[in-house]
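Dropping input.txt in here (compact mmCIF, C-alpha atoms):
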```
# COMPACT_ATOMS: atom_id res chain seq x y z
CA MET A 290 -54.20 71.31 -36.43
CA ARG A 291 -57.26 73.02 -37.78
CA ARG A 292 -59.77 73.92 -35.10
CA SER A 293 -63.37 72.71 -35.03
CA VAL A 294 -66.19 75.09 -35.77
CA LEU A 295 -68.77 74.72 -33.03
CA CYS A 296 -71.99 76.51 -32.27
CA ALA A 297 -74.52 76.33 -29.48
CA LEU A 298 -78.03 74.98 -29.84
CA SER A 299 -80.70 77.47 -28.91
CA CYS A 300 -81.92 75.15 -26.15
CA ALA A 301 -78.59 74.35 -24.49
CA ALA A 302 -75.51 76.28 -23.45
CA LEU A 303 -72.13 75.26 -24.77
CA SER A 304 -69.47 73.87 -22.50
CA ALA A 305 -66.80 76.44 -21.66
CA ALA A 306 -64.28 74.20 -23.43
CA LEU A 307 -65.88 74.86 -26.83
CA PRO A 308 -65.53 77.95 -29.01
CA VAL A 309 -68.73 79.45 -30.43
CA ALA A 310 -69.05 79.59 -34.20
CA SER A 311 -69.82 82.91 -35.81
CA ALA A 312 -72.73 83.21 -38.19
CA SER A 313 -70.31 84.04 -40.98
CA ALA A 314 -68.09 80.97 -40.49
CA PRO A 315 -67.35 79.54 -43.95
CA ARG A 316 -68.80 76.16 -44.83
CA PRO A 317 -66.19 73.58 -45.85
CA GLY A 318 -66.16 72.58 -49.49
CA GLU A 319 -67.01 69.14 -50.87
CA ALA A 320 -65.08 66.89 -53.23
CA THR A 321 -65.91 63.61 -54.96
CA ARG A 322 -62.65 62.20 -53.65
CA VAL A 323 -60.31 63.33 -50.92
CA PRO A 324 -56.84 61.73 -51.09
CA PHE A 325 -55.63 60.15 -47.88
CA ALA A 326 -53.21 62.31 -45.90
CA ALA A 327 -51.84 62.43 -42.36
CA ARG A 328 -54.18 64.18 -39.94
CA TYR A 329 -52.23 63.55 -36.72
CA GLU A 330 -48.81 62.03 -35.99
CA ALA A 331 -46.87 61.75 -32.75
CA VAL A 332 -44.31 59.68 -30.87
CA GLN A 333 -45.40 59.52 -27.24
CA HIS A 334 -46.04 57.26 -24.28
CA GLY A 335 -49.68 56.40 -24.79
CA GLY A 336 -51.92 55.17 -27.56
CA VAL A 337 -55.04 55.66 -29.64
CA VAL A 338 -58.61 54.65 -28.79
CA ARG A 339 -61.95 55.04 -30.50
CA ALA A 340 -65.69 54.94 -29.91
CA ALA A 341 -68.06 54.10 -32.76
CA ASN A 342 -71.62 53.18 -33.59
CA SER A 343 -74.08 52.91 -36.45
CA SER A 344 -76.86 55.42 -37.10
CA ALA A 345 -78.96 52.94 -39.11
CA LYS A 346 -80.60 49.60 -38.45
CA GLY A 347 -82.73 47.06 -40.23
CA ALA A 348 -86.39 48.08 -40.17
CA LYS A 349 -87.50 44.47 -39.69
CA GLY A 350 -84.67 43.02 -37.63
CA THR A 351 -81.09 42.36 -38.67
CA GLU A 352 -80.59 41.41 -42.30
CA SER A 353 -77.40 39.69 -43.40
CA VAL A 354 -76.62 42.45 -45.91
CA ASN A 355 -77.88 45.98 -46.33
CA ASP A 356 -78.43 45.71 -50.11
CA GLY A 357 -82.18 45.74 -50.65
CA ALA A 358 -82.90 45.89 -46.93
CA SER A 359 -85.37 48.26 -45.30
CA ILE A 360 -83.28 50.74 -43.33
CA ALA A 361 -84.58 52.59 -40.27
CA TYR A 362 -82.88 54.89 -37.77
CA VAL A 363 -81.20 54.05 -34.50
CA ASP A 364 -82.52 56.58 -31.96
CA VAL A 365 -81.54 55.87 -28.36
CA ASP A 366 -82.04 59.28 -26.75
CA SER A 367 -85.26 60.70 -25.28
CA ASP A 368 -85.11 63.86 -27.41
CA LEU A 369 -88.08 64.17 -29.76
CA ASN A 370 -86.11 66.64 -31.89
CA THR A 371 -83.58 64.02 -33.07
CA TYR A 372 -84.38 61.40 -35.68
CA ASN A 373 -81.21 59.33 -35.15
CA SER A 374 -78.84 58.92 -32.24
CA SER A 375 -76.49 56.27 -30.87
CA ARG A 376 -73.92 55.94 -28.09
CA ALA A 377 -70.52 54.38 -27.50
CA GLU A 378 -67.81 54.48 -24.86
CA LEU A 379 -64.43 56.08 -25.49
CA ALA A 380 -62.11 54.04 -23.28
CA VAL A 381 -59.39 56.57 -22.41
CA PRO A 382 -57.26 54.96 -19.67
CA ALA A 383 -57.49 56.40 -16.18
CA GLY A 384 -54.79 58.99 -15.58
CA ALA A 385 -54.20 59.65 -19.30
CA ARG A 386 -54.29 63.04 -21.01
CA VAL A 387 -56.02 63.31 -24.38
CA SER A 388 -53.61 64.95 -26.85
CA TRP A 389 -55.89 64.94 -29.91
CA ALA A 390 -59.42 63.83 -30.85
CA ARG A 391 -61.59 63.93 -33.96
CA LEU A 392 -65.12 62.85 -34.83
CA TYR A 393 -65.83 61.25 -38.23
CA TRP A 394 -69.38 60.73 -39.52
CA GLY A 395 -70.96 59.74 -42.83
CA GLY A 396 -73.29 57.52 -44.77
CA ASN A 397 -75.63 57.23 -47.76
CA LEU A 398 -77.97 60.11 -48.62
CA ARG A 399 -80.05 58.11 -51.10
CA VAL A 400 -82.16 55.13 -50.05
CA GLY A 401 -85.97 55.27 -50.13
CA GLU A 402 -85.60 59.02 -49.61
CA GLN A 403 -82.99 61.59 -50.61
CA LYS A 404 -81.30 63.67 -47.92
CA PRO A 405 -80.03 67.17 -48.82
CA PRO A 406 -76.22 67.33 -48.84
CA GLU A 407 -76.37 70.78 -47.23
CA ASP A 408 -76.70 68.96 -43.89
CA ASN A 409 -73.67 66.70 -44.37
CA GLY A 410 -71.38 68.92 -42.33
CA ARG A 411 -73.42 69.12 -39.12
CA VAL A 412 -74.15 66.67 -36.30
CA LEU A 413 -75.02 66.86 -32.61
CA ILE A 414 -72.58 65.52 -30.04
CA ALA A 415 -72.96 65.03 -26.29
CA GLU A 416 -70.16 64.10 -23.91
CA PRO A 417 -70.94 61.60 -21.11
CA GLY A 418 -73.51 63.26 -18.88
CA GLY A 419 -73.65 66.37 -21.10
CA ALA A 420 -76.16 68.07 -23.36
CA TYR A 421 -76.10 68.12 -27.14
CA LYS A 422 -73.86 70.62 -28.90
CA ALA A 423 -73.89 71.34 -32.63
CA LEU A 424 -70.66 70.32 -34.30
CA LEU A 425 -69.74 71.58 -37.77
CA ALA A 426 -67.22 69.97 -40.11
CA ASP A 427 -63.95 71.89 -40.20
CA THR A 428 -62.33 70.36 -43.25
CA GLN A 429 -63.22 69.29 -46.78
CA ILE A 430 -66.17 66.90 -46.94
CA GLY A 431 -65.99 63.86 -49.18
CA HIS A 432 -69.22 63.50 -51.18
CA ARG A 433 -69.61 61.23 -54.19
CA THR A 434 -72.63 59.98 -56.09
CA ALA A 435 -71.75 56.68 -57.76
CA ASP A 436 -72.85 53.06 -58.14
CA GLY A 437 -76.40 53.85 -57.02
CA ALA A 438 -75.35 55.54 -53.77
CA ASP A 439 -74.87 59.12 -52.63
CA ALA A 440 -72.10 58.75 -50.06
CA PHE A 441 -70.33 61.27 -47.84
CA GLN A 442 -67.96 61.64 -44.90
CA ALA A 443 -67.32 64.70 -42.75
CA SER A 444 -65.19 65.30 -39.66
CA ALA A 445 -64.28 67.86 -37.01
CA ASP A 446 -61.72 68.32 -34.27
CA VAL A 447 -63.11 67.75 -30.77
CA THR A 448 -59.87 67.69 -28.76
CA GLU A 449 -60.86 70.25 -26.13
CA LEU A 450 -64.26 68.68 -25.53
CA VAL A 451 -62.86 65.15 -25.15
CA ARG A 452 -59.95 66.34 -23.00
CA SER A 453 -62.28 68.03 -20.51
CA SER A 454 -64.90 65.27 -20.35
CA ARG A 455 -65.37 62.43 -17.92
CA SER A 456 -65.47 58.76 -18.85
CA GLY A 457 -68.60 57.13 -20.20
CA GLN A 458 -70.63 56.85 -23.39
CA TRP A 459 -70.68 59.59 -26.01
CA THR A 460 -73.83 60.29 -28.02
CA VAL A 461 -73.88 61.44 -31.65
CA ALA A 462 -77.17 62.41 -33.32
CA GLN A 463 -78.54 63.78 -36.58
CA VAL A 464 -76.04 62.05 -38.87
CA ASN A 465 -77.35 62.97 -42.32
CA VAL A 466 -78.26 59.54 -43.67
CA ALA A 467 -81.39 58.38 -45.48
CA MET A 468 -83.76 55.60 -44.54
CA GLY A 469 -85.90 53.33 -46.69
CA ARG A 470 -85.08 50.65 -49.25
CA SER A 471 -82.84 50.59 -52.32
CA ALA A 472 -80.80 48.08 -54.28
CA VAL A 473 -77.50 49.32 -52.80
CA GLY A 474 -78.87 49.71 -49.29
CA GLY A 475 -78.52 52.39 -46.66
CA TRP A 476 -75.76 52.89 -44.13
CA GLY A 477 -74.31 55.46 -41.82
CA GLY A 478 -72.43 55.91 -38.57
CA TRP A 479 -69.75 57.73 -36.63
CA THR A 480 -66.35 57.13 -35.05
CA LEU A 481 -64.62 59.23 -32.41
CA VAL A 482 -60.82 58.72 -32.51
CA ALA A 483 -58.59 59.99 -29.69
CA ALA A 484 -54.84 59.90 -29.05
CA TYR A 485 -53.70 60.04 -25.44
CA GLU A 486 -50.53 60.37 -23.38
CA LYS A 487 -49.76 58.24 -20.32
CA ALA A 488 -46.25 57.98 -18.89
CA SER A 489 -46.65 54.36 -17.72
CA GLU A 490 -47.47 53.06 -21.23
CA PRO A 491 -44.89 52.13 -23.91
CA LEU A 492 -43.40 54.72 -26.23
CA ARG A 493 -45.39 54.44 -29.47
CA ARG A 494 -45.69 55.94 -32.91
CA ILE A 495 -49.27 57.07 -33.34
CA GLY A 496 -50.94 58.34 -36.49
CA VAL A 497 -54.32 59.05 -38.06
CA TRP A 498 -54.80 59.38 -41.83
CA ASP A 499 -58.09 60.33 -43.43
CA GLY A 500 -59.60 60.93 -46.85
CA PHE A 501 -62.55 59.77 -48.93
CA GLU A 502 -61.69 57.14 -51.52
CA THR A 503 -63.47 54.21 -53.14
CA VAL A 504 -62.21 50.72 -53.76
CA GLY A 505 -64.04 48.19 -55.87
CA PRO A 506 -64.21 46.30 -59.16
CA ARG A 507 -63.99 49.51 -61.20
CA SER A 508 -61.98 51.77 -58.91
CA GLY A 509 -59.19 49.32 -58.12
CA GLU A 510 -56.97 49.10 -55.07
CA LEU A 511 -56.07 51.91 -52.67
CA ARG A 512 -52.55 52.04 -51.23
CA VAL A 513 -51.79 54.37 -48.30
CA PRO A 514 -48.17 54.75 -47.05
CA LEU A 515 -48.55 55.18 -43.29
CA ASP A 516 -45.05 54.86 -41.92
CA SER A 517 -41.50 54.45 -43.21
CA HIS A 518 -39.75 53.63 -39.92
CA ARG A 519 -38.11 50.33 -39.08
CA TYR A 520 -39.62 48.03 -36.46
CA GLY A 521 -37.96 45.13 -34.71
CA LYS A 522 -39.29 41.60 -34.57
CA ALA A 523 -42.41 40.92 -32.51
CA THR A 524 -43.45 44.58 -32.33
CA ASN A 525 -46.87 45.24 -30.81
CA GLY A 526 -49.21 47.40 -32.84
CA SER A 527 -52.75 47.93 -34.09
CA LEU A 528 -54.53 49.37 -37.13
CA GLY A 529 -58.03 50.83 -37.19
CA VAL A 530 -60.20 51.44 -40.26
CA ILE A 531 -63.40 53.39 -40.93
CA ALA A 532 -65.32 52.29 -44.04
CA TYR A 533 -68.78 52.47 -45.59
CA ASP A 534 -70.99 49.98 -47.47
CA GLY A 535 -69.07 46.79 -46.80
CA ASP A 536 -71.66 44.02 -47.17
CA ARG A 537 -71.61 41.12 -44.74
CA GLY A 538 -71.26 37.83 -46.59
CA THR A 539 -70.01 39.37 -49.85
CA SER A 540 -66.48 38.07 -50.34
CA GLY A 541 -63.62 39.75 -52.16
CA ASP A 542 -62.75 42.76 -50.00
CA TYR A 543 -59.44 42.87 -48.13
CA LEU A 544 -57.19 45.02 -45.96
CA ALA A 545 -53.48 44.27 -46.11
CA VAL A 546 -50.36 45.63 -44.43
CA GLU A 547 -47.17 45.82 -46.45
CA THR A 548 -44.15 45.60 -44.14
CA ARG A 549 -41.45 45.16 -46.79
CA ARG A 550 -41.26 45.59 -50.53
CA SER A 551 -41.94 41.88 -51.01
CA LYS A 552 -44.09 41.13 -47.95
CA SER A 553 -47.77 41.91 -47.44
CA VAL A 554 -50.09 40.38 -44.83
CA ARG A 555 -53.89 40.38 -45.15
CA LEU A 556 -55.54 41.30 -41.86
CA SER A 557 -58.24 39.15 -40.30
CA ASP A 558 -59.53 38.02 -36.93
CA SER A 559 -62.39 36.04 -35.44
CA ALA A 560 -64.94 38.67 -36.49
CA ASN A 561 -63.49 39.75 -39.86
CA SER A 562 -62.33 37.23 -42.43
CA ALA A 563 -59.38 37.97 -44.73
CA ASP A 564 -61.72 37.83 -47.77
CA ASP A 565 -64.66 39.75 -46.25
CA VAL A 566 -62.98 42.23 -43.96
CA MET A 567 -65.49 45.04 -44.61
CA ASN A 568 -68.43 43.13 -43.21
CA SER A 569 -70.59 45.65 -41.31
CA SER A 570 -68.98 45.36 -37.88
CA ILE A 571 -67.59 47.41 -35.02
CA THR A 572 -64.90 45.28 -33.39
CA GLU A 573 -61.54 45.46 -31.65
CA PHE A 574 -59.16 42.52 -32.10
CA GLY A 575 -62.13 40.38 -33.17
CA THR A 576 -64.44 41.24 -30.28
CA GLY A 577 -66.81 44.06 -29.34
CA ARG A 578 -64.71 45.32 -26.43
CA THR A 579 -66.26 48.74 -25.94
CA ALA A 580 -69.76 49.47 -24.63
CA ARG A 581 -72.26 50.66 -27.27
CA THR A 582 -75.96 51.50 -27.32
CA PRO A 583 -77.27 49.70 -29.29
CA ASP A 584 -74.63 46.98 -29.52
CA GLY A 585 -75.80 44.87 -32.48
CA THR A 586 -73.14 42.78 -34.21
CA ASN A 587 -74.38 43.67 -37.71
CA THR A 588 -74.09 47.41 -38.38
CA LEU A 589 -75.55 47.16 -41.91
CA GLY A 590 -72.86 48.74 -44.06
CA TYR A 591 -70.81 50.64 -41.47
CA ASP A 592 -67.37 49.39 -40.41
CA SER A 593 -65.14 50.69 -37.62
CA ASP A 594 -62.67 47.93 -36.77
CA VAL A 595 -59.33 47.68 -34.95
CA PHE A 596 -56.91 44.91 -35.94
CA ASP A 597 -53.95 43.42 -34.09
CA LEU A 598 -50.72 43.98 -36.06
CA ARG A 599 -48.52 41.54 -34.15
CA GLY A 600 -48.84 38.96 -36.91
CA ALA A 601 -47.93 41.44 -39.62
CA LEU A 602 -44.98 42.76 -37.57
CA ARG A 603 -43.78 39.36 -36.32
CA ASP A 604 -40.64 39.48 -38.46
CA GLY A 605 -40.16 43.23 -38.15
CA ALA A 606 -40.77 45.86 -40.80
CA ASP A 607 -39.08 48.66 -42.72
CA ARG A 608 -42.45 50.30 -43.56
CA VAL A 609 -46.15 50.13 -42.78
CA HIS A 610 -48.21 50.67 -45.91
CA VAL A 611 -51.91 49.76 -46.11
CA ARG A 612 -53.53 48.24 -49.18
CA SER A 613 -57.29 47.85 -49.57
CA GLY A 614 -59.38 46.49 -52.42
CA SER A 615 -62.62 44.77 -53.30
CA ARG A 616 -63.53 42.45 -56.19
CA LYS A 617 -67.33 42.73 -55.76
CA ASP A 618 -68.34 45.48 -53.33
CA THR A 619 -67.86 49.19 -53.83
CA VAL A 620 -66.48 50.37 -50.49
CA TRP A 621 -65.80 53.94 -49.35
CA LEU A 622 -62.78 54.35 -47.05
CA GLY A 623 -62.76 57.23 -44.59
CA ALA A 624 -59.88 56.93 -42.12
CA LEU A 625 -57.02 54.77 -40.81
CA PHE A 626 -55.50 54.99 -37.33
CA PHE A 627 -52.28 53.27 -36.29
CA GLN A 628 -50.05 52.68 -33.31
CA ALA A 629 -46.85 50.64 -32.87
CA ASP A 630 -44.35 50.31 -30.06
CA VAL A 631 -41.01 52.05 -30.41
CA ARG A 632 -38.10 50.21 -28.87
CA GLY A 633 -34.95 52.01 -27.80
```

Would you put the structure from the file into structure tokens?
Amino acid sequence: MRRSVLCALSCAALSAALPVASASAPRPGEATRVPFAARYEAVQHGGVVRAANSSAKGAKGTESVNDGASIAYVDVDSDLNTYNSSRAELAVPAGARVSWARLYWGGNLRVGEQKPPEDNGRVLIAEPGGAYKALLADTQIGHRTADGADAFQASADVTELVRSSRSGQWTVAQVNVAMGRSAVGGWGGWTLVAAYEKASEPLRRIGVWDGFETVGPRSGELRVPLDSHRYGKATNGSLGVIAYDGDRGTSGDYLAVETRRSKSVRLSDSANSADDVMNSSITEFGTGRTARTPDGTNTLGYDSDVFDLRGALRDGADRVHVRSGSRKDTVWLGALFFQADVRG
């Protein structure tokens, strides 16, 4: 795996677990689309968890959709030097060892103001009880101006930091998103994904795939082959998705799992309908299970959801391919994370 590029803030020392970036460290390039590819894959006793939150909020309360809404910043810390910040808990089970972790962040640079893309690849991150550290993207950044938006996603490996940290809420600040009002709306947020090992948990296939692709009326459907293994009937599993600019109440967007050549199941739960699955929410199996600050139910164009795959895998599978599309919205997809039990 490619290592993160990290540097210390002038006002705070880095944790010993983090390498210091040199002044000459190359900046990652940008691309208008980044094809989805495997970032991490393993078969191990354990699972995958995530923490996530939005960096933007409605300036005058919670609107039903972000299109045309006045967007302000979420800023929960007491640091006057940050203009946005939010927190969320990464629920790594007690006694588990983190084997891999990555932070994803992104949003819209153009709302009432225009943010410079030069800052896309840098955020601040603080572990529970820790001070901010500057985190630089370590891989190609997706950045595309289209359909009235200027959207991006960046990411960086944070395995050593997460592995050495205690439990609690993580804070991410300075996500490079704009505030104000525009026809397409503003959005932005972050998701921390971590795979862990724990001997007492089932043996599972675990994988994370990332990229930067659009789905919508003009861009069509995206199909991502995640897994080609066979699964028996009634297999337990879950699928997580990170996406941008899904409007709540705008129907026509879907997320489906293809388990056989002729079988595809659209995912839904109590918080995400099958025909409006990208609906500005951060949920797990239909509920907000993890602690977040703030913990609003409408995240105004940022989605980080985890779906139960037991229905899709009820009759078994000879593959797990994901299909996503939208008839009305333009939606940017950033990452997928998957786990399924392996039976001997």

All residues 6 Å or closer to Gly410 in chain A, all atoms listed in the file, same chain fewer than 3 positions away omitted, as a list in words: Leu425, Ala426 and Ala443 of chain A

From A:Asp618, A:Glu319, A:Glu378, A:Asp364, residue lying nearest Thr480 in chain A [only C-alpha atoms]: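 The shortest atom-to-atom distance to Thr480 in chain A comes from A:Glu378.
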
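Comparing A:Thr588, A:Ser367, A:Ser559, A:Thr448 by their smallest distance to Thr460 in chain A, the closest is A:Ser367 (using all atoms listed in the file).
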
Residue contacts of Thr548 in chain A (12 Å, all atoms listed in the file) excluding same-chain residues fewer than 5 positions away, as a list in words: Pro514, Leu515, Asp516, Ser517, His518, Arg519, Tyr520, Gly521, Lys522, Thr524, Ser553, Val554, Arg555, Leu598, Arg599, Gly600, Ala601, Leu602, Arg603, Asp604, Gly605, Ala606, Asp607, Arg608, Val609, His610, Val611 and Arg612 of chain A

In terms of the shortest atom-to-atom distance over all atoms listed in the file, which of A:Ile531, A:Val337, A:Ala348, A:Ala423 is closest to Arg493 in chain A?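 Nearest to Arg493 in chain A: A:Val337.
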
Residues near Gly538 in chain A, cut-off 12 Å, all atoms listed in the file, skip fewer than 6 positions along chain, as a PDB file with C-alpha atoms, keeping the file's coordinate frame:
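Final file, part.pdb:
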```pdb
ATOM      1  CA  GLU A 352     -80.590  41.410 -42.300  1.00  0.00           C
ATOM      2  CA  SER A 353     -77.400  39.690 -43.400  1.00  0.00           C
ATOM      3  CA  VAL A 354     -76.620  42.450 -45.910  1.00  0.00           C
ATOM      4  CA  ASN A 355     -77.880  45.980 -46.330  1.00  0.00           C
ATOM      5  CA  ASP A 356     -78.430  45.710 -50.110  1.00  0.00           C
ATOM      6  CA  ALA A 560     -64.940  38.670 -36.490  1.00  0.00           C
ATOM      7  CA  ASN A 561     -63.490  39.750 -39.860  1.00  0.00           C
ATOM      8  CA  SER A 562     -62.330  37.230 -42.430  1.00  0.00           C
ATOM      9  CA  ASP A 564     -61.720  37.830 -47.770  1.00  0.00           C
ATOM     10  CA  ASP A 565     -64.660  39.750 -46.250  1.00  0.00           C
ATOM     11  CA  VAL A 566     -62.980  42.230 -43.960  1.00  0.00           C
ATOM     12  CA  MET A 567     -65.490  45.040 -44.610  1.00  0.00           C
ATOM     13  CA  ASN A 568     -68.430  43.130 -43.210  1.00  0.00           C
ATOM     14  CA  SER A 569     -70.590  45.650 -41.310  1.00  0.00           C
ATOM     15  CA  SER A 570     -68.980  45.360 -37.880  1.00  0.00           C
ATOM     16  CA  ASN A 587     -74.380  43.670 -37.710  1.00  0.00           C
ATOM     17  CA  LEU A 589     -75.550  47.160 -41.910  1.00  0.00           C
ATOM     18  CA  GLY A 590     -72.860  48.740 -44.060  1.00  0.00           C
ATOM     19  CA  LYS A 617     -67.330  42.730 -55.760  1.00  0.00           C
ATOM     20  CA  ASP A 618     -68.340  45.480 -53.330  1.00  0.00           C
TER      21      ASP A 618
END
```

Would you output range 474-493 of chain A from that structure, restricted to N, CA and C atoms, as a short mmCIF file (atom, residue, chain, number, x, y, z; two decimals), in the first residue's frame?
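What ended up in selection-v8.cif:
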```
data_model
loop_
_atom_site.label_atom_id
_atom_site.label_comp_id
_atom_site.auth_asym_id
_atom_site.auth_seq_id
_atom_site.Cartn_x
_atom_site.Cartn_y
_atom_site.Cartn_z
N GLY A 474 -26.23 23.60 -5.46
CA GLY A 474 -26.01 23.41 -4.04
C GLY A 474 -24.58 23.11 -3.68
N GLY A 475 -24.31 23.18 -2.38
CA GLY A 475 -22.98 22.86 -1.87
C GLY A 475 -23.02 21.61 -1.03
N TRP A 476 -21.90 20.91 -0.98
CA TRP A 476 -21.81 19.70 -0.17
C TRP A 476 -20.35 19.41 0.13
N GLY A 477 -20.15 18.58 1.10
CA GLY A 477 -18.79 18.16 1.43
C GLY A 477 -18.79 17.34 2.71
N GLY A 478 -17.77 16.48 2.85
CA GLY A 478 -17.68 15.66 4.04
C GLY A 478 -16.50 14.72 3.98
N TRP A 479 -16.43 13.83 4.95
CA TRP A 479 -15.29 12.91 5.06
C TRP A 479 -15.75 11.57 5.63
N THR A 480 -15.00 10.53 5.27
CA THR A 480 -15.25 9.19 5.79
C THR A 480 -13.92 8.52 6.09
N LEU A 481 -13.79 7.99 7.28
CA LEU A 481 -12.62 7.22 7.69
C LEU A 481 -13.01 5.75 7.69
N VAL A 482 -12.37 4.96 6.83
CA VAL A 482 -12.66 3.53 6.69
C VAL A 482 -11.51 2.73 7.27
N ALA A 483 -11.81 1.72 8.09
CA ALA A 483 -10.76 0.92 8.72
C ALA A 483 -11.13 -0.56 8.68
N ALA A 484 -10.17 -1.40 8.30
CA ALA A 484 -10.30 -2.85 8.41
C ALA A 484 -9.57 -3.29 9.67
N TYR A 485 -10.14 -4.29 10.34
CA TYR A 485 -9.54 -4.76 11.59
C TYR A 485 -9.53 -6.28 11.64
N GLU A 486 -8.65 -6.81 12.49
CA GLU A 486 -8.54 -8.24 12.74
C GLU A 486 -8.94 -8.53 14.18
N LYS A 487 -9.76 -9.56 14.37
CA LYS A 487 -10.13 -10.02 15.71
C LYS A 487 -10.45 -11.50 15.63
N ALA A 488 -9.69 -12.31 16.37
CA ALA A 488 -9.77 -13.77 16.24
C ALA A 488 -11.15 -14.33 16.55
N SER A 489 -11.91 -13.68 17.43
CA SER A 489 -13.21 -14.21 17.82
C SER A 489 -14.31 -13.92 16.81
N GLU A 490 -14.06 -13.12 15.79
CA GLU A 490 -15.07 -12.80 14.78
C GLU A 490 -14.97 -13.76 13.60
N PRO A 491 -16.04 -13.87 12.79
CA PRO A 491 -16.02 -14.79 11.65
C PRO A 491 -14.91 -14.46 10.65
N LEU A 492 -14.51 -15.49 9.90
CA LEU A 492 -13.60 -15.28 8.78
C LEU A 492 -14.38 -14.58 7.67
N ARG A 493 -13.83 -13.47 7.16
CA ARG A 493 -14.56 -12.65 6.19
C ARG A 493 -13.65 -12.22 5.05
#
```
